[in-house]
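Shown next: my_file_6.cif, given as mmCIF, C-alpha atoms and all ligand atoms.
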```cif
data_structure
#
loop_
_atom_site.label_atom_id
_atom_site.label_comp_id
_atom_site.auth_asym_id
_atom_site.auth_seq_id
_atom_site.Cartn_x
_atom_site.Cartn_y
_atom_site.Cartn_z
CA MET A 1 -38.02 27.32 -24.87
CA VAL A 2 -34.34 27.04 -24.04
CA ASN A 3 -31.77 28.13 -26.60
CA TRP A 4 -29.44 25.15 -26.39
CA THR A 5 -25.77 25.66 -27.14
CA LYS A 6 -24.22 23.74 -30.02
CA GLU A 7 -22.61 21.25 -27.62
CA GLN A 8 -25.84 20.78 -25.67
CA GLU A 9 -27.70 20.20 -28.90
CA ALA A 10 -25.17 17.55 -29.92
CA ALA A 11 -25.47 15.81 -26.55
CA ILE A 12 -29.27 15.87 -26.71
CA ASN A 13 -29.50 14.40 -30.20
CA ALA A 14 -26.66 11.86 -30.27
CA ARG A 15 -28.01 8.29 -30.56
CA GLY A 16 -26.65 4.79 -30.87
CA SER A 17 -23.34 5.32 -29.09
CA ASN A 18 -21.94 5.77 -25.63
CA LEU A 19 -21.88 9.38 -24.61
CA LEU A 20 -19.90 11.04 -21.86
CA VAL A 21 -20.76 14.60 -20.95
CA THR A 22 -18.58 16.48 -18.50
CA ALA A 23 -19.23 20.12 -17.70
CA ALA A 24 -19.12 22.48 -14.75
CA ALA A 25 -21.87 22.57 -12.11
CA GLY A 26 -24.84 24.63 -13.23
CA SER A 27 -23.83 24.49 -16.88
CA GLY A 28 -26.90 22.48 -17.90
CA LYS A 29 -26.03 18.76 -17.74
CA THR A 30 -29.27 17.75 -16.03
CA ALA A 31 -31.25 19.98 -18.38
CA VAL A 32 -29.62 18.22 -21.35
CA LEU A 33 -30.34 14.80 -19.88
CA VAL A 34 -33.99 15.72 -19.28
CA GLN A 35 -34.30 16.96 -22.86
CA ARG A 36 -32.73 13.74 -24.17
CA VAL A 37 -35.32 11.77 -22.24
CA ILE A 38 -38.17 13.92 -23.55
CA ASN A 39 -36.97 13.58 -27.14
CA ILE A 40 -36.51 9.84 -26.81
CA ILE A 41 -40.10 9.57 -25.54
CA ILE A 42 -41.71 11.92 -28.04
CA GLU A 43 -39.62 11.48 -31.18
CA ASP A 44 -38.31 7.93 -30.79
CA GLY A 45 -41.56 6.67 -29.25
CA VAL A 46 -39.92 4.88 -26.32
CA ASP A 47 -41.96 4.49 -23.11
CA ILE A 48 -40.44 6.21 -20.08
CA ASP A 49 -40.47 2.99 -18.02
CA LYS A 50 -38.17 1.38 -20.63
CA LEU A 51 -35.39 3.82 -19.76
CA LEU A 52 -32.91 3.36 -16.93
CA ILE A 53 -31.94 6.69 -15.42
CA VAL A 54 -29.55 6.56 -12.46
CA THR A 55 -27.97 9.25 -10.32
CA PHE A 56 -25.64 9.27 -7.35
CA THR A 57 -27.94 10.81 -4.78
CA ARG A 58 -31.60 10.49 -3.89
CA ALA A 59 -31.99 14.24 -4.19
CA ALA A 60 -30.67 14.15 -7.75
CA ALA A 61 -32.99 11.23 -8.61
CA ASN A 62 -36.01 13.13 -7.28
CA GLU A 63 -34.93 16.24 -9.13
CA MET A 64 -34.63 14.26 -12.38
CA LYS A 65 -38.07 12.75 -11.92
CA GLU A 66 -39.67 16.13 -11.19
CA ARG A 67 -37.96 17.83 -14.11
CA ILE A 68 -39.02 15.05 -16.48
CA ARG A 69 -42.61 15.27 -15.17
CA LYS A 70 -42.65 19.05 -15.69
CA ALA A 71 -41.18 18.70 -19.18
CA ILE A 72 -43.78 16.10 -20.19
CA LEU A 73 -46.59 18.27 -18.74
CA ALA A 74 -45.24 21.27 -20.65
CA ALA A 75 -45.17 19.27 -23.88
CA LEU A 76 -48.69 18.04 -23.16
CA GLU A 77 -49.91 21.58 -22.63
CA ALA A 78 -48.19 22.76 -25.81
CA SER A 79 -50.09 20.08 -27.74
CA GLY A 80 -53.33 21.39 -26.29
CA GLY A 81 -53.73 18.22 -24.23
CA ARG A 82 -54.30 16.14 -27.31
CA GLU A 83 -51.17 14.01 -27.13
CA GLU A 84 -52.52 10.73 -25.74
CA ASN A 85 -48.98 9.31 -25.66
CA LEU A 86 -47.78 12.05 -23.30
CA ARG A 87 -50.70 11.46 -20.94
CA ARG A 88 -49.72 7.80 -20.84
CA GLN A 89 -46.08 8.69 -20.11
CA ILE A 90 -47.18 10.72 -17.04
CA ASN A 91 -48.82 7.57 -15.69
CA LEU A 92 -45.83 5.38 -16.58
CA LEU A 93 -43.54 7.84 -14.81
CA ASN A 94 -44.55 6.37 -11.44
CA LYS A 95 -43.00 3.03 -12.25
CA ALA A 96 -40.13 4.43 -14.28
CA GLN A 97 -36.64 3.45 -13.14
CA ILE A 98 -35.32 6.85 -12.10
CA SER A 99 -33.28 6.21 -8.99
CA THR A 100 -29.89 6.11 -7.37
CA ILE A 101 -27.40 3.53 -8.62
CA HIS A 102 -27.66 1.81 -5.24
CA SER A 103 -31.40 1.53 -5.28
CA PHE A 104 -31.34 0.24 -8.86
CA CYS A 105 -28.80 -2.45 -7.93
CA GLN A 106 -30.88 -3.33 -4.89
CA SER A 107 -33.94 -3.87 -7.07
CA VAL A 108 -31.95 -6.05 -9.50
CA VAL A 109 -30.80 -8.25 -6.62
CA LYS A 110 -34.29 -8.34 -5.08
CA ASN A 111 -35.86 -9.41 -8.37
CA ASN A 112 -33.21 -12.06 -8.95
CA PHE A 113 -32.52 -13.19 -5.39
CA HIS A 114 -32.74 -16.87 -6.39
CA LEU A 115 -29.93 -16.43 -8.94
CA ALA A 116 -27.83 -14.42 -6.52
CA GLU A 117 -28.60 -16.93 -3.75
CA ILE A 118 -29.47 -14.10 -1.40
CA ASP A 119 -32.31 -13.95 1.13
CA PRO A 120 -35.00 -11.81 -0.60
CA ALA A 121 -35.68 -10.10 2.73
CA PHE A 122 -32.20 -8.55 2.72
CA LYS A 123 -31.75 -4.87 3.42
CA VAL A 124 -28.99 -2.40 2.68
CA GLY A 125 -26.77 -1.80 5.70
CA GLU A 126 -26.12 1.58 7.25
CA GLU A 127 -22.54 2.81 7.29
CA THR A 128 -22.03 2.24 11.04
CA GLU A 129 -23.71 -1.14 10.94
CA MET A 130 -21.41 -2.17 8.10
CA LEU A 131 -18.30 -1.08 9.97
CA LEU A 132 -19.39 -3.13 12.96
CA LEU A 133 -19.91 -6.22 10.80
CA LYS A 134 -16.58 -5.77 9.06
CA THR A 135 -14.75 -5.34 12.36
CA GLU A 136 -16.41 -8.46 13.71
CA ALA A 137 -15.46 -10.44 10.63
CA VAL A 138 -11.82 -9.35 10.89
CA GLU A 139 -11.69 -10.17 14.59
CA GLU A 140 -13.18 -13.61 14.02
CA THR A 141 -10.75 -14.32 11.21
CA LEU A 142 -7.75 -13.29 13.29
CA GLU A 143 -9.10 -15.31 16.24
CA ARG A 144 -9.17 -18.40 14.03
CA GLU A 145 -5.64 -17.73 12.83
CA TYR A 146 -4.40 -17.34 16.42
CA GLU A 147 -5.90 -20.72 17.23
CA GLU A 148 -4.33 -22.39 14.23
CA GLY A 149 -1.06 -20.74 15.18
CA GLN A 150 0.69 -21.06 11.83
CA HIS A 151 4.21 -19.75 11.64
CA LEU A 152 3.42 -17.54 8.64
CA PHE A 153 0.57 -15.86 10.46
CA TYR A 154 2.83 -14.92 13.34
CA GLU A 155 5.36 -13.51 10.90
CA LEU A 156 2.60 -11.38 9.39
CA LEU A 157 1.58 -10.20 12.84
CA GLU A 158 5.10 -9.27 13.72
CA MET A 159 5.49 -7.29 10.52
CA PHE A 160 2.26 -5.35 10.66
CA SER A 161 1.25 -4.97 14.28
CA ALA A 162 2.63 -3.09 17.23
CA GLY A 163 3.50 -5.35 20.16
CA ARG A 164 0.55 -7.38 21.37
CA ASP A 165 -1.93 -5.15 19.63
CA ASP A 166 -3.14 -6.33 16.21
CA LYS A 167 -5.17 -3.18 15.49
CA ASN A 168 -2.73 -2.12 12.75
CA LEU A 169 -3.17 -5.43 10.98
CA GLN A 170 -6.95 -5.18 11.32
CA ASP A 171 -6.93 -1.69 9.82
CA LEU A 172 -4.69 -2.88 7.02
CA ILE A 173 -7.01 -5.77 6.18
CA LEU A 174 -10.04 -3.46 6.15
CA ALA A 175 -8.21 -0.90 4.02
CA ILE A 176 -7.27 -3.60 1.49
CA TYR A 177 -10.87 -4.84 1.53
CA ASP A 178 -12.26 -1.37 0.85
CA PHE A 179 -9.70 -0.88 -1.91
CA ILE A 180 -10.31 -4.15 -3.75
CA ARG A 181 -14.06 -3.63 -3.62
CA SER A 182 -13.64 -0.95 -6.30
CA LYS A 183 -12.30 -3.63 -8.67
CA PRO A 184 -14.67 -5.55 -10.97
CA ASP A 185 -13.27 -8.86 -9.69
CA PRO A 186 -11.95 -8.06 -6.21
CA TYR A 187 -10.67 -11.48 -5.16
CA GLY A 188 -9.35 -12.32 -8.63
CA TRP A 189 -7.43 -9.06 -8.60
CA LEU A 190 -6.10 -9.76 -5.11
CA LYS A 191 -4.96 -13.27 -6.10
CA GLU A 192 -3.16 -11.83 -9.09
CA LYS A 193 -1.35 -9.26 -6.96
CA VAL A 194 -0.41 -11.84 -4.35
CA ALA A 195 1.03 -14.01 -7.14
CA GLU A 196 3.25 -11.10 -8.16
CA PHE A 197 4.94 -11.38 -4.79
CA ALA A 198 6.26 -14.79 -5.78
CA VAL A 199 9.37 -13.44 -7.52
CA SER A 200 12.85 -14.73 -6.81
CA SER A 201 15.11 -12.36 -4.90
CA GLU A 202 17.17 -11.78 -8.07
CA ASP A 203 14.12 -10.78 -10.08
CA PHE A 204 12.69 -8.68 -7.27
CA ALA A 205 15.13 -5.81 -7.71
CA SER A 206 13.98 -5.25 -11.30
CA SER A 207 10.26 -5.84 -10.61
CA SER A 208 7.67 -3.09 -10.87
CA MET A 209 7.01 -3.64 -7.17
CA ALA A 210 10.60 -2.74 -6.28
CA GLN A 211 10.37 0.28 -8.53
CA THR A 212 7.22 1.51 -6.82
CA ILE A 213 8.78 0.99 -3.41
CA ALA A 214 11.91 2.87 -4.49
CA GLU A 215 9.84 5.77 -5.82
CA GLN A 216 7.93 6.03 -2.54
CA ILE A 217 11.11 5.90 -0.48
CA ASN A 218 12.68 8.54 -2.68
CA ILE A 219 9.80 10.90 -1.95
CA GLN A 220 10.23 10.29 1.77
CA LEU A 221 13.97 10.88 1.57
CA ASP A 222 13.32 14.18 -0.20
CA GLY A 223 11.05 15.07 2.72
CA ALA A 224 13.82 14.21 5.19
CA LEU A 225 16.27 16.39 3.24
CA GLU A 226 13.81 19.29 3.37
CA LEU A 227 13.53 18.92 7.14
CA ILE A 228 17.30 18.86 7.64
CA LYS A 229 17.61 21.87 5.37
CA SER A 230 15.10 23.79 7.51
CA GLY A 231 17.16 22.83 10.58
CA ILE A 232 20.35 24.01 8.93
CA ASP A 233 18.71 27.32 7.96
CA ILE A 234 17.74 27.91 11.59
CA ALA A 235 21.15 26.89 12.90
CA GLY A 236 22.71 29.39 10.49
CA LYS A 237 20.66 32.31 11.81
CA ALA A 238 22.14 34.93 14.12
CA GLN A 239 21.55 33.51 17.63
CA GLY A 240 20.92 30.12 16.01
CA PRO A 241 22.50 26.90 17.37
CA ALA A 242 25.58 27.07 15.13
CA HIS A 243 27.15 24.17 17.04
CA TYR A 244 24.52 21.89 15.46
CA LEU A 245 25.69 22.77 11.97
CA PRO A 246 28.45 20.17 11.41
CA THR A 247 26.21 17.26 12.50
CA MET A 248 23.25 18.44 10.48
CA GLU A 249 25.38 18.96 7.41
CA GLU A 250 26.67 15.44 7.92
CA ASP A 251 23.03 14.25 8.18
CA TYR A 252 22.27 15.95 4.90
CA GLU A 253 25.21 14.23 3.20
CA LYS A 254 24.17 10.86 4.63
CA ILE A 255 20.60 11.15 3.38
CA GLN A 256 21.76 12.41 0.00
CA HIS A 257 24.09 9.41 -0.16
CA LEU A 258 21.19 7.07 0.67
CA LYS A 259 19.23 8.65 -2.17
CA ASP A 260 22.11 8.05 -4.58
CA ILE A 261 22.40 4.40 -3.56
CA LEU A 262 18.63 3.97 -3.89
CA GLN A 263 18.92 5.02 -7.53
CA GLU A 264 21.42 2.21 -8.02
CA SER A 265 19.76 -0.68 -6.25
CA LEU A 266 17.06 -1.21 -3.66
CA PRO A 267 18.79 -4.14 -1.88
CA LEU A 268 22.01 -2.15 -1.63
CA PHE A 269 20.03 0.79 -0.27
CA VAL A 270 18.39 -1.39 2.37
CA ASP A 271 21.79 -2.66 3.42
CA HIS A 272 23.10 0.89 3.85
CA LEU A 273 19.91 2.03 5.52
CA ILE A 274 19.92 -0.49 8.34
CA HIS A 275 23.57 0.27 9.09
CA ASN A 276 22.98 3.99 9.02
CA ARG A 277 23.62 5.81 12.29
CA PHE A 278 23.01 9.45 13.02
CA SER A 279 25.55 11.22 15.20
CA ASN A 280 24.41 12.91 18.37
CA LEU A 281 23.95 16.64 18.24
CA SER A 282 26.69 18.57 19.98
CA ARG A 283 25.91 19.36 23.61
CA ALA A 284 28.48 22.13 23.66
CA ARG A 285 27.31 25.03 25.79
CA SER A 286 26.94 27.83 23.39
CA GLU A 287 25.33 31.19 23.46
CA CYS A 288 22.24 30.72 21.36
CA ASP A 289 18.55 31.34 21.43
CA VAL A 290 16.87 28.41 23.23
CA LYS A 291 13.79 28.59 21.03
CA LEU A 292 15.86 28.48 17.84
CA ARG A 293 17.84 25.56 19.25
CA GLU A 294 14.67 23.60 20.01
CA GLU A 295 13.25 24.42 16.60
CA ALA A 296 16.36 23.21 14.79
CA LYS A 297 16.36 20.04 16.88
CA GLU A 298 12.71 19.40 16.07
CA TYR A 299 13.37 19.58 12.35
CA ARG A 300 16.29 17.22 12.73
CA ASP A 301 14.25 14.80 14.85
CA GLY A 302 11.57 14.92 12.20
CA ALA A 303 14.08 13.88 9.55
CA LYS A 304 15.37 11.09 11.81
CA ASP A 305 11.78 9.87 12.26
CA VAL A 306 11.33 9.72 8.50
CA ILE A 307 14.45 7.57 8.18
CA SER A 308 13.54 5.28 11.05
CA ASN A 309 10.05 4.85 9.64
CA ILE A 310 11.58 3.66 6.37
CA THR A 311 14.03 1.45 8.27
CA ARG A 312 11.21 -0.13 10.25
CA HIS A 313 9.88 -1.69 7.04
CA PHE A 314 13.13 -3.49 6.34
CA SER A 315 14.33 -4.67 9.71
CA GLY A 316 13.10 -7.23 12.14
N1 LIG B 1 -28.60 26.71 -22.93
C1 LIG B 1 -29.21 27.17 -21.83
N2 LIG B 1 -29.80 28.38 -21.82
C2 LIG B 1 -30.38 28.87 -20.71
N3 LIG B 1 -30.50 28.21 -19.55
C3 LIG B 1 -29.93 27.00 -19.48
C4 LIG B 1 -29.25 26.40 -20.60
N4 LIG B 1 -28.81 25.17 -20.23
C5 LIG B 1 -29.18 25.03 -18.93
N5 LIG B 1 -29.85 26.10 -18.48
C6 LIG B 1 -30.40 26.31 -17.13
O1 LIG B 1 -29.32 26.40 -16.21
C7 LIG B 1 -29.71 25.90 -14.95
C8 LIG B 1 -28.72 24.86 -14.45
O2 LIG B 1 -28.81 23.72 -15.27
P1 LIG B 1 -28.64 22.24 -14.72
O3 LIG B 1 -29.08 21.31 -15.81
O4 LIG B 1 -29.31 22.09 -13.39
O5 LIG B 1 -27.06 22.19 -14.55
P2 LIG B 1 -26.13 20.99 -14.06
O6 LIG B 1 -26.94 19.73 -14.02
O7 LIG B 1 -25.02 20.94 -15.09
O8 LIG B 1 -25.61 21.40 -12.72
C9 LIG B 1 -31.11 25.32 -15.13
O9 LIG B 1 -32.05 26.25 -14.65
C10 LIG B 1 -31.21 25.14 -16.63
O10 LIG B 1 -32.56 25.22 -17.07
MG MG B 2 -27.33 18.48 -12.35
#
```

Write out the structure in this file as structure tokens.
Amino acid sequence: MVNWTKEQEAAINARGSNLLVTAAAGSGKTAVLVQRVINIIIEDGVDIDKLLIVTFTRAAANEMKERIRKAILAALEASGGREENLRRQINLLNKAQISTIHSFCQSVVKNNFHLAEIDPAFKVGEETEMLLLKTEAVEETLEREYEEGQHLFYELLEMFSAGRDDKNLQDLILAIYDFIRSKPDPYGWLKEKVAEFAVSSEDFASSSMAQTIAEQINIQLDGALELIKSGIDIAGKAQGPAHYLPTMEEDYEKIQHLKDILQESLPLFVDHLIHNRFSNLSRARSECDVKLREEAKEYRDGAKDVISNITRHFSG
């Protein structure tokens, strides 16, 4: 007999409410769940096939089933084999709903295919098969849009794809699809979010969308500052490319300035951003370590990339 802890005991015996148990691996969650099931069968007189027990993996479902079987057998043995109810539960165990969430949902759909308007012969797709289907669906959809040739579609293409390749847009659509699928009402949620885009340009600056965008940009600008700072540190080393210092310090000021403006207003920031120019690094011949020079330049180029990546979203 296990000596349950106080918390385990509470989790085993709680009834008539929702119950969430979180605990470290190996701390006895499954054991508690099995004991709950046993008590509900023996003390509350509920048949095992009236319980729904779901897990994430098949292995966990099989483990649950085996542990419940062992626990019932142990209880049966303890009663000297006289408990008729327990013997019955062993038989019921075969049709008990102890499965993965997926397989439970599958059985619900199978048993109610006429309500779901789904072919009862359906099967659950494999990961690779699903990806293929999704890719096909996206390609067909884009194909149709190309044929219709609406102005808005071409604007979308221009914004989210590189040149003649619409792979970026495809990936974006699939990523959005995967994301919304975690919502209870995926397309309702999507519609709602799309509606939020319909704000006037005056209201946009104070919208939560603008705030989120500003926060993201701010993080990226901090990253660019870090990169420039690493470049400056290298340029300041003995044998470092000291002739880079004035330009890189100017870069740092410029990015810091962009950050300050961003705090004030996103539209103002965008205006400054697209007019921002970085000076060229000095080509002065100077005695410095070539490796340090290249390193400093790489950091600086990295920072410039960050800025041009942000700019890309606002120009064109
Ligand atoms: N209070 C306890 N005393 C002794 N052993 C316990 C206790 N609670 C759980 N165990 C044992 O610890 C092991 C791990 O428990 P398990 O339920 O599989 O953990 P989890 O599902 O949280 O990963 C099992 O062998 C279980 O019987
Ligand atoms: Mg477990």

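The contact shell of ligand MG 2 (chain B), defined as all polymer residues within 8 Å when only C-alpha atoms and all ligand atoms are used, comprises Ala25, Gly26, Gly28, Lys29, Thr30, Ala31 and Ala60 of chain A.
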
Per-axis box centre and lengths in Å around ligand LIG 1 (chain B), 6 Å margin per side, axis-aligned, as lines of an AutoDock Vina configuration file:
```
center_x = -28.8
center_y = 24.3
center_z = -17.8
size_x = 19.5
size_y = 21.1
size_z = 22.2
```

Open item on the list: Excluding Ser265 (chain A) and its own-chain neighbours fewer than 4 positions away, which residues fall within 8 Å of it when counting all atoms listed in the file? Please give them as a PyMOL selection string.
Closed with: chain A and resi 205+261+269

Open item on the list: As a quick test: using all atoms listed in the file, which residues lie no more than 12 Å away from ligand LIG 1 (chain B)? Give them as a PyMOL selection string.
Closed with: chain A and resi 1-9+11-12+21-36+55+60-61+63-64+67-68+70-71

I'd like the contact shell of region 281-291 of chain A - 6 Å cut-off, only C-alpha atoms, skipping same-chain residues fewer than 6 positions apart - returned as a PDB file with C-alpha atoms, in the frame of the given file.
```pdb
ATOM      1  CA  GLN A 239      21.550  33.510  17.630  1.00  0.00           C
ATOM      2  CA  GLY A 240      20.920  30.120  16.010  1.00  0.00           C
ATOM      3  CA  PRO A 241      22.500  26.900  17.370  1.00  0.00           C
ATOM      4  CA  TYR A 244      24.520  21.890  15.460  1.00  0.00           C
TER       5      TYR A 244
END
```

Open item on the list: So that I can check the surroundings of region 150-165 of chain A, please list as a ChimeraX atom specification every protein, DNA and RNA residue that reaches within 9 Å of it, counting only C-alpha atoms and ignoring chain neighbours fewer than 5 positions away.
Closed with: /A:145,170,172,313,316

- [ ] Find the residues around Ala96 (chain A) up to 8 Å (all atoms listed in the file counted), leave out those fewer than 4 positions away in its own chain, and share them as a list in words.
- [x] Ile48, Asp49, Lys50, Leu51, Leu52 and Leu92 of chain A

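Take CA of Ala198 (chain A) and CA of Glu264 (chain A): the distance between them is 22.9 Å.
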
Open item on the list: So that I can check the surroundings of Glu143 (chain A), please list as number ranges by chain every protein, DNA and RNA residue that reaches within 12 Å of it, counting all atoms listed in the file and ignoring chain neighbours fewer than 5 positions away.
Closed with: A: 136-138, 148-149, 153, 166, 170

TODO: Using only C-alpha atoms, collect all residues at a distance of at most 12 Å from (-32.1, 1.5, -7.8) as written in the file, then present them as a PyMOL selection string.
DONE: chain A and resi 52-58+61+95-111+124

Open item on the list: Considering only C-alpha atoms, can you say which of A:Asn13, A:Glu139, A:Gly80, A:Asn280 comes closest to Ile40 (chain A)?
Closed with: A:Asn13

- [ ] Have a look at A:Ser200, A:Ile72, A:Asn309, A:Leu133 and name the one nearest to Asn39 (chain A); count only C-alpha atoms.
- [x] A:Ile72

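Atom pair CA of Met248 (chain A) / CA of Asp222 (chain A): separated by 15.2 Å.
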
Can you give me N, CA, C and O atoms for region 299-313 of chain A, written as a PDB file, in the frame of the given file?
```
ATOM      1  N   TYR A 299      13.270  19.915  13.775  1.00  0.00           N
ATOM      2  CA  TYR A 299      13.370  19.580  12.350  1.00  0.00           C
ATOM      3  C   TYR A 299      14.244  18.345  12.153  1.00  0.00           C
ATOM      4  O   TYR A 299      13.922  17.436  11.393  1.00  0.00           O
ATOM      5  N   ARG A 300      15.361  18.333  12.871  1.00  0.00           N
ATOM      6  CA  ARG A 300      16.290  17.220  12.730  1.00  0.00           C
ATOM      7  C   ARG A 300      15.639  15.920  13.214  1.00  0.00           C
ATOM      8  O   ARG A 300      15.754  14.880  12.566  1.00  0.00           O
ATOM      9  N   ASP A 301      14.939  15.995  14.351  1.00  0.00           N
ATOM     10  CA  ASP A 301      14.250  14.800  14.850  1.00  0.00           C
ATOM     11  C   ASP A 301      13.215  14.320  13.853  1.00  0.00           C
ATOM     12  O   ASP A 301      13.026  13.115  13.670  1.00  0.00           O
ATOM     13  N   GLY A 302      12.563  15.274  13.211  1.00  0.00           N
ATOM     14  CA  GLY A 302      11.570  14.920  12.200  1.00  0.00           C
ATOM     15  C   GLY A 302      12.213  14.120  11.072  1.00  0.00           C
ATOM     16  O   GLY A 302      11.682  13.090  10.644  1.00  0.00           O
ATOM     17  N   ALA A 303      13.376  14.574  10.630  1.00  0.00           N
ATOM     18  CA  ALA A 303      14.080  13.880   9.550  1.00  0.00           C
ATOM     19  C   ALA A 303      14.495  12.481  10.021  1.00  0.00           C
ATOM     20  O   ALA A 303      14.374  11.503   9.287  1.00  0.00           O
ATOM     21  N   LYS A 304      14.963  12.394  11.269  1.00  0.00           N
ATOM     22  CA  LYS A 304      15.370  11.090  11.810  1.00  0.00           C
ATOM     23  C   LYS A 304      14.168  10.137  11.865  1.00  0.00           C
ATOM     24  O   LYS A 304      14.287   8.948  11.585  1.00  0.00           O
ATOM     25  N   ASP A 305      13.011  10.694  12.225  1.00  0.00           N
ATOM     26  CA  ASP A 305      11.780   9.870  12.260  1.00  0.00           C
ATOM     27  C   ASP A 305      11.469   9.311  10.876  1.00  0.00           C
ATOM     28  O   ASP A 305      11.082   8.150  10.741  1.00  0.00           O
ATOM     29  N   VAL A 306      11.607  10.177   9.866  1.00  0.00           N
ATOM     30  CA  VAL A 306      11.330   9.720   8.500  1.00  0.00           C
ATOM     31  C   VAL A 306      12.218   8.523   8.178  1.00  0.00           C
ATOM     32  O   VAL A 306      11.760   7.484   7.694  1.00  0.00           O
ATOM     33  N   ILE A 307      13.504   8.654   8.492  1.00  0.00           N
ATOM     34  CA  ILE A 307      14.450   7.570   8.180  1.00  0.00           C
ATOM     35  C   ILE A 307      14.124   6.318   8.995  1.00  0.00           C
ATOM     36  O   ILE A 307      14.115   5.208   8.457  1.00  0.00           O
ATOM     37  N   SER A 308      13.797   6.503  10.281  1.00  0.00           N
ATOM     38  CA  SER A 308      13.540   5.280  11.050  1.00  0.00           C
ATOM     39  C   SER A 308      12.222   4.629  10.648  1.00  0.00           C
ATOM     40  O   SER A 308      12.085   3.414  10.732  1.00  0.00           O
ATOM     41  N   ASN A 309      11.284   5.453  10.162  1.00  0.00           N
ATOM     42  CA  ASN A 309      10.050   4.850   9.640  1.00  0.00           C
ATOM     43  C   ASN A 309      10.329   3.993   8.413  1.00  0.00           C
ATOM     44  O   ASN A 309       9.732   2.927   8.249  1.00  0.00           O
ATOM     45  N   ILE A 310      11.221   4.475   7.556  1.00  0.00           N
ATOM     46  CA  ILE A 310      11.580   3.660   6.370  1.00  0.00           C
ATOM     47  C   ILE A 310      12.301   2.395   6.843  1.00  0.00           C
ATOM     48  O   ILE A 310      12.012   1.295   6.391  1.00  0.00           O
ATOM     49  N   THR A 311      13.220   2.580   7.788  1.00  0.00           N
ATOM     50  CA  THR A 311      14.030   1.450   8.270  1.00  0.00           C
ATOM     51  C   THR A 311      13.154   0.351   8.857  1.00  0.00           C
ATOM     52  O   THR A 311      13.390  -0.832   8.656  1.00  0.00           O
ATOM     53  N   ARG A 312      12.109   0.808   9.590  1.00  0.00           N
ATOM     54  CA  ARG A 312      11.210  -0.130  10.250  1.00  0.00           C
ATOM     55  C   ARG A 312      10.664  -1.180   9.284  1.00  0.00           C
ATOM     56  O   ARG A 312      10.442  -2.328   9.649  1.00  0.00           O
ATOM     57  N   HIS A 313      10.447  -0.748   8.012  1.00  0.00           N
ATOM     58  CA  HIS A 313       9.880  -1.690   7.040  1.00  0.00           C
ATOM     59  C   HIS A 313      10.851  -2.778   6.618  1.00  0.00           C
ATOM     60  O   HIS A 313      10.458  -3.784   6.051  1.00  0.00           O
TER      61      HIS A 313
END
```
